[in-house]
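Structure file my_file_27.csv (CSV, C-alpha atoms) is printed below.
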```csv
chain,number,residue,atom,x,y,z
H,1,MET,CA,18.0,72.3,25.1
H,2,GLU,CA,14.9,72.9,27.1
H,3,TYR,CA,11.6,71.8,25.8
H,4,GLY,CA,8.1,72.5,27.0
H,5,SER,CA,4.8,71.1,26.0
H,6,SER,CA,1.1,71.6,26.7
H,7,SER,CA,-1.9,69.8,25.5
H,8,SER,CA,-5.6,70.5,25.0
H,9,LYS,CA,-8.4,68.2,23.9
H,10,LEU,CA,-11.3,69.3,21.6
H,11,ILE,CA,-14.3,67.0,21.7
H,12,SER,CA,-17.4,67.0,19.6
H,13,LYS,CA,-20.0,64.3,18.8
H,14,GLY,CA,-18.1,61.2,17.6
H,15,PHE,CA,-14.8,63.2,17.0
H,16,THR,CA,-11.9,63.9,19.2
H,17,VAL,CA,-8.9,66.1,18.5
H,18,ASP,CA,-6.0,66.1,20.9
H,19,VAL,CA,-3.7,69.0,20.2
H,20,LYS,CA,-0.2,69.1,21.7
H,21,PHE,CA,1.9,72.2,21.5
H,22,LEU,CA,5.6,71.5,21.6
H,23,SER,CA,7.9,74.5,21.9
H,24,ASN,CA,11.6,74.7,21.9
H,25,ARG,CA,12.1,77.6,24.3
H,26,SER,CA,15.8,78.1,23.6
H,27,ARG,CA,15.4,78.6,19.9
H,28,SER,CA,14.2,82.0,19.1
H,29,PHE,CA,15.0,84.6,16.4
H,30,ASN,CA,13.6,88.1,16.0
H,31,ASN,CA,11.1,87.5,18.8
H,32,CYS,CA,9.8,84.4,17.1
H,33,LYS,CA,10.1,80.8,18.3
H,34,MET,CA,10.2,77.6,16.3
H,35,HIS,CA,7.1,75.6,17.2
H,36,VAL,CA,6.0,72.2,16.3
H,37,PHE,CA,2.2,71.7,16.6
H,38,HIS,CA,0.9,68.1,16.6
H,39,ALA,CA,-2.8,67.4,16.4
H,40,ILE,CA,-4.3,63.9,16.6
H,41,SER,CA,-7.8,63.2,15.6
H,42,SER,CA,-9.6,60.0,15.9
H,43,HIS,CA,-13.1,58.8,15.5
H,44,ALA,CA,-15.1,55.6,14.7
H,45,SER,CA,-17.3,55.9,11.6
H,46,VAL,CA,-18.5,54.3,8.5
H,47,ILE,CA,-16.5,55.4,5.5
H,48,ASP,CA,-17.5,55.2,1.9
H,49,PRO,CA,-14.2,54.5,0.0
H,50,THR,CA,-15.8,55.7,-3.2
H,51,LEU,CA,-15.8,59.2,-1.8
H,52,SER,CA,-12.1,59.1,-1.1
H,53,THR,CA,-9.8,61.4,-3.2
H,54,SER,CA,-6.8,59.2,-2.3
H,55,HIS,CA,-5.0,57.3,-5.1
H,56,VAL,CA,-4.4,54.5,-2.7
H,57,THR,CA,-7.1,51.9,-2.3
H,58,THR,CA,-7.8,51.0,1.3
H,59,ASN,CA,-10.4,48.6,2.7
H,60,PHE,CA,-12.5,50.2,5.4
H,61,ASN,CA,-14.8,48.2,7.7
H,62,GLN,CA,-17.7,49.6,9.7
H,63,ASN,CA,-16.8,50.9,13.1
H,64,THR,CA,-13.1,51.2,12.0
H,65,SER,CA,-11.2,53.5,14.3
H,66,ILE,CA,-9.1,56.0,12.3
H,67,GLU,CA,-6.4,58.1,13.8
H,68,SER,CA,-4.9,61.0,11.9
H,69,SER,CA,-2.2,63.5,12.7
H,70,LEU,CA,-1.9,67.1,11.6
H,71,ILE,CA,1.6,68.5,12.1
H,72,LEU,CA,2.2,72.2,11.6
H,73,ILE,CA,5.8,73.4,11.4
H,74,ARG,CA,6.8,77.0,10.9
H,75,HIS,CA,9.7,77.4,8.5
H,76,GLY,CA,13.2,77.9,10.0
H,77,GLU,CA,14.9,81.2,10.1
H,78,SER,CA,15.2,82.8,6.6
H,79,MET,CA,17.9,85.1,5.3
H,80,TRP,CA,15.6,88.1,5.7
H,81,ASN,CA,14.5,87.0,9.2
H,82,GLU,CA,18.2,87.0,10.1
H,83,ARG,CA,18.4,90.7,9.0
H,84,ASN,CA,15.1,91.6,10.7
H,85,LEU,CA,13.5,92.4,7.4
H,86,PHE,CA,9.8,91.7,6.8
H,87,THR,CA,9.6,88.7,4.4
H,88,GLY,CA,5.9,88.2,3.6
H,89,SER,CA,5.6,86.6,0.1
H,90,VAL,CA,9.3,87.3,-0.9
H,91,ASP,CA,10.9,84.0,-1.7
H,92,VAL,CA,14.1,83.8,0.3
H,93,PRO,CA,15.9,80.7,1.5
H,94,LEU,CA,16.9,79.5,5.0
H,95,THR,CA,20.0,80.5,6.8
H,96,LYS,CA,22.4,77.9,8.3
H,97,ARG,CA,20.4,78.4,11.6
H,98,GLY,CA,17.1,77.9,9.7
H,99,ILE,CA,18.5,74.6,8.3
H,100,GLU,CA,19.4,73.5,11.8
H,101,GLU,CA,16.0,74.4,13.1
H,102,ALA,CA,14.3,72.4,10.3
H,103,ILE,CA,16.4,69.4,11.2
H,104,GLU,CA,15.6,69.8,14.9
H,105,ALA,CA,11.8,70.0,14.0
H,106,GLY,CA,12.3,66.8,12.0
H,107,LYS,CA,13.8,65.0,15.0
H,108,ARG,CA,10.9,66.1,17.1
H,109,ILE,CA,8.3,64.6,14.7
H,110,SER,CA,10.3,61.6,13.7
H,111,SER,CA,8.0,59.0,15.4
H,112,ILE,CA,4.7,60.5,14.1
H,113,PRO,CA,3.5,58.7,10.9
H,114,VAL,CA,3.6,61.0,7.8
H,115,ASN,CA,1.9,60.1,4.6
H,116,MET,CA,1.3,63.5,2.9
H,117,ILE,CA,3.0,66.9,3.2
H,118,TYR,CA,1.4,70.3,2.3
H,119,THR,CA,3.6,73.3,2.1
H,120,SER,CA,3.5,76.8,0.7
H,121,ALA,CA,5.1,77.6,-2.7
H,122,LEU,CA,7.9,79.5,-0.9
H,123,ILE,CA,11.4,77.9,-0.9
H,124,ARG,CA,11.9,78.4,2.9
H,125,ALA,CA,8.8,76.3,3.7
H,126,GLN,CA,9.8,73.6,1.1
H,127,MET,CA,13.3,73.5,2.5
H,128,THR,CA,12.0,73.1,6.0
H,129,ALA,CA,9.7,70.3,5.0
H,130,MET,CA,12.4,68.4,3.1
H,131,LEU,CA,15.0,68.8,5.8
H,132,ALA,CA,12.6,67.8,8.5
H,133,MET,CA,11.8,64.6,6.6
H,134,THR,CA,15.5,63.6,6.5
H,135,GLN,CA,15.2,62.9,10.2
H,136,HIS,CA,12.0,60.8,10.0
H,137,ARG,CA,12.1,57.2,11.0
H,138,GLN,CA,10.1,56.1,8.0
H,139,LYS,CA,13.0,57.2,5.7
H,140,LYS,CA,10.5,57.9,2.9
H,141,ILE,CA,11.5,60.3,0.2
H,142,PRO,CA,9.4,63.5,-0.1
H,143,ILE,CA,8.5,64.2,-3.7
H,144,ILE,CA,7.0,67.5,-4.9
H,145,MET,CA,4.0,66.7,-7.0
H,146,HIS,CA,3.8,69.2,-9.9
H,147,ASP,CA,0.4,70.0,-11.1
H,148,GLU,CA,0.9,73.4,-12.8
H,149,SER,CA,0.3,71.9,-16.2
H,150,ILE,CA,-0.7,68.6,-17.8
H,151,GLN,CA,2.9,68.2,-19.0
H,152,ALA,CA,4.3,68.8,-15.5
H,153,LYS,CA,1.9,66.1,-14.1
H,154,GLU,CA,3.0,63.6,-16.8
H,155,TRP,CA,6.7,64.3,-16.4
H,156,THR,CA,6.6,63.8,-12.6
H,157,GLN,CA,4.3,60.8,-12.5
H,158,ILE,CA,5.6,57.8,-10.6
H,159,PHE,CA,5.0,54.4,-12.3
H,160,SER,CA,6.8,52.0,-10.0
H,161,GLU,CA,4.7,50.7,-7.1
H,162,GLU,CA,7.9,50.1,-5.1
H,163,THR,CA,8.9,53.8,-5.6
H,164,ILE,CA,5.4,55.0,-4.6
H,165,GLN,CA,5.7,53.0,-1.3
H,166,GLN,CA,9.1,54.7,-0.5
H,167,SER,CA,7.7,58.2,-1.2
H,168,ILE,CA,5.7,60.9,0.5
H,169,PRO,CA,3.8,63.2,-1.9
H,170,VAL,CA,4.5,66.9,-1.2
H,171,ILE,CA,1.7,69.3,-2.4
H,172,THR,CA,2.7,72.9,-2.8
H,173,ALA,CA,0.1,75.6,-2.7
H,174,TRP,CA,0.5,79.4,-3.0
H,175,GLN,CA,-2.6,79.7,-0.8
H,176,LEU,CA,-0.4,78.6,2.1
H,177,ASN,CA,2.2,81.4,1.5
H,178,GLU,CA,2.7,84.0,4.1
H,179,ARG,CA,0.5,87.0,3.5
H,180,MET,CA,1.9,90.2,2.0
H,181,VAL,CA,0.3,93.3,3.3
H,182,LEU,CA,0.9,96.1,0.8
H,183,ILE,CA,0.9,99.6,2.2
H,184,ARG,CA,0.9,102.3,-0.4
H,185,ARG,CA,2.0,105.8,0.5
H,186,ARG,CA,0.3,108.7,-1.1
H,187,ARG,CA,2.5,111.4,-2.5
H,188,LEU,CA,1.5,114.8,-1.5
```

Target format structure tokens, applied to this file:
Amino acid sequence: MEYGSSSSKLISKGFTVDVKFLSNRSRSFNNCKMHVFHAISSHASVIDPTLSTSHVTTNFNQNTSIESSLILIRHGESMWNERNLFTGSVDVPLTKRGIEEAIEAGKRISSIPVNMIYTSALIRAQMTAMLAMTQHRQKKIPIIMHDESIQAKEWTQIFSEETIQQSIPVITAWQLNERMVLIRRRRL
């Protein structure tokens, strides 16, 4: 397989973002390519841990350098992509090829630390995220955090600190779903 990459650096006062675009040139379907985007941001700053929304307590010192990565992965080929049908918000699963693409994307990000996953509510995006994480060197288990109701939160709460350390929370949000453009035809 042939891989290409390019990089750009965005710099503002006290904040740097290095964006690397990694593309798999031999993997394309319906004029789309599977891309992995990796952005690294780092800055030195004073952080107030009381403002953190994280459930994990971390000690921050002044002038601590923090490096974060944002990894964006497009879902693998869906069953409707395979048939050249517009998918939009329709919830269809991955094809065998889509599964292979998700696993390949996972191999390509396997050395980048991951501590949180955000995905759309669509099954093809969730499948891609889960399959990609099977290839990760951390070997942590992605767990979908259900927050649709108080009962769902209670039922999926993790109590064991050991289990929490072996897990990566997966947050699903419908706002990340692909957009569905509705075109209505008028009857004459």

Using all atoms listed in the file, the shortest atom-to-atom distance to H:Leu176 among H:Ile150, H:Leu122, H:Met133, H:Met79 belongs to H:Leu122

What's the separation between atom CA of H:Lys107 and atom CA of H:Val90, in Å to one decimal place? 27.8 Å

From the list H:Ile164, H:Ile123, H:Val170, H:Leu131, the nearest residue to H:Asp91 using all atoms listed in the file is H:Ile123

Can you tell me, as a PyMOL selection string, what residues are no more than 7 Å from H:Arg124 when counting all atoms listed in the file, ignoring any on the same chain fewer than 4 positions away? chain H and resi 75+78+92-94+128

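One finds atom CA of H:Gln166 at 18.2 Å from atom CA of H:Ile109.
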
Residue contacts of H:Pro113 (9 Å, all atoms listed in the file) excluding same-chain residues fewer than 3 positions away, as a ChimeraX atom specification: /H:68-69,109-110,136-138

Pairwise distance for atom CA of H:Glu77 and atom CA of H:Thr95, rounded to one decimal in Å: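 A separation of 6.1 Å between them.
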
Skip H:Ser120 itself and residues of its chain fewer than 2 positions away, then list as a list of chain:residue names all residues within 9 Å of it, counting all atoms listed in the file.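 Contacts, with the query itself left out: H:Tyr118, H:Leu122, H:Ile123, H:Arg124, H:Ala125, H:Gln126, H:Ile171, H:Thr172, H:Ala173, H:Trp174, H:Gln175, H:Leu176, H:Asn177, H:Glu178.
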
To test the calculation: enclose all listed atoms of stretch 119-125 of chain H in a box whose edges run along x, y and z, add 3 Å on each side, then state centre and edge lengths in Å to one decimal, as AutoDock Vina command-line options.
```
--center_x 7.7 --center_y 76.4 --center_z 0.5 --size_x 14.4 --size_y 12.2 --size_z 12.4
```

Neighbours of H:Gly88 within 8 Å (all atoms listed in the file; same-chain residues fewer than 3 positions away dropped), as a VMD selection string? chain H and resid 178 to 181

From the list H:Ala132, H:Ile112, H:Ile73, H:Met145, the nearest residue to H:Ile99 using only C-alpha atoms is H:Ala132

Within 12 Å of H:Thr134, counting all atoms listed in the file, which residues qualify if same-chain residues fewer than 4 places away don't, as a ChimeraX atom specification? /H:99-100,102-110,127-130,138-142,168
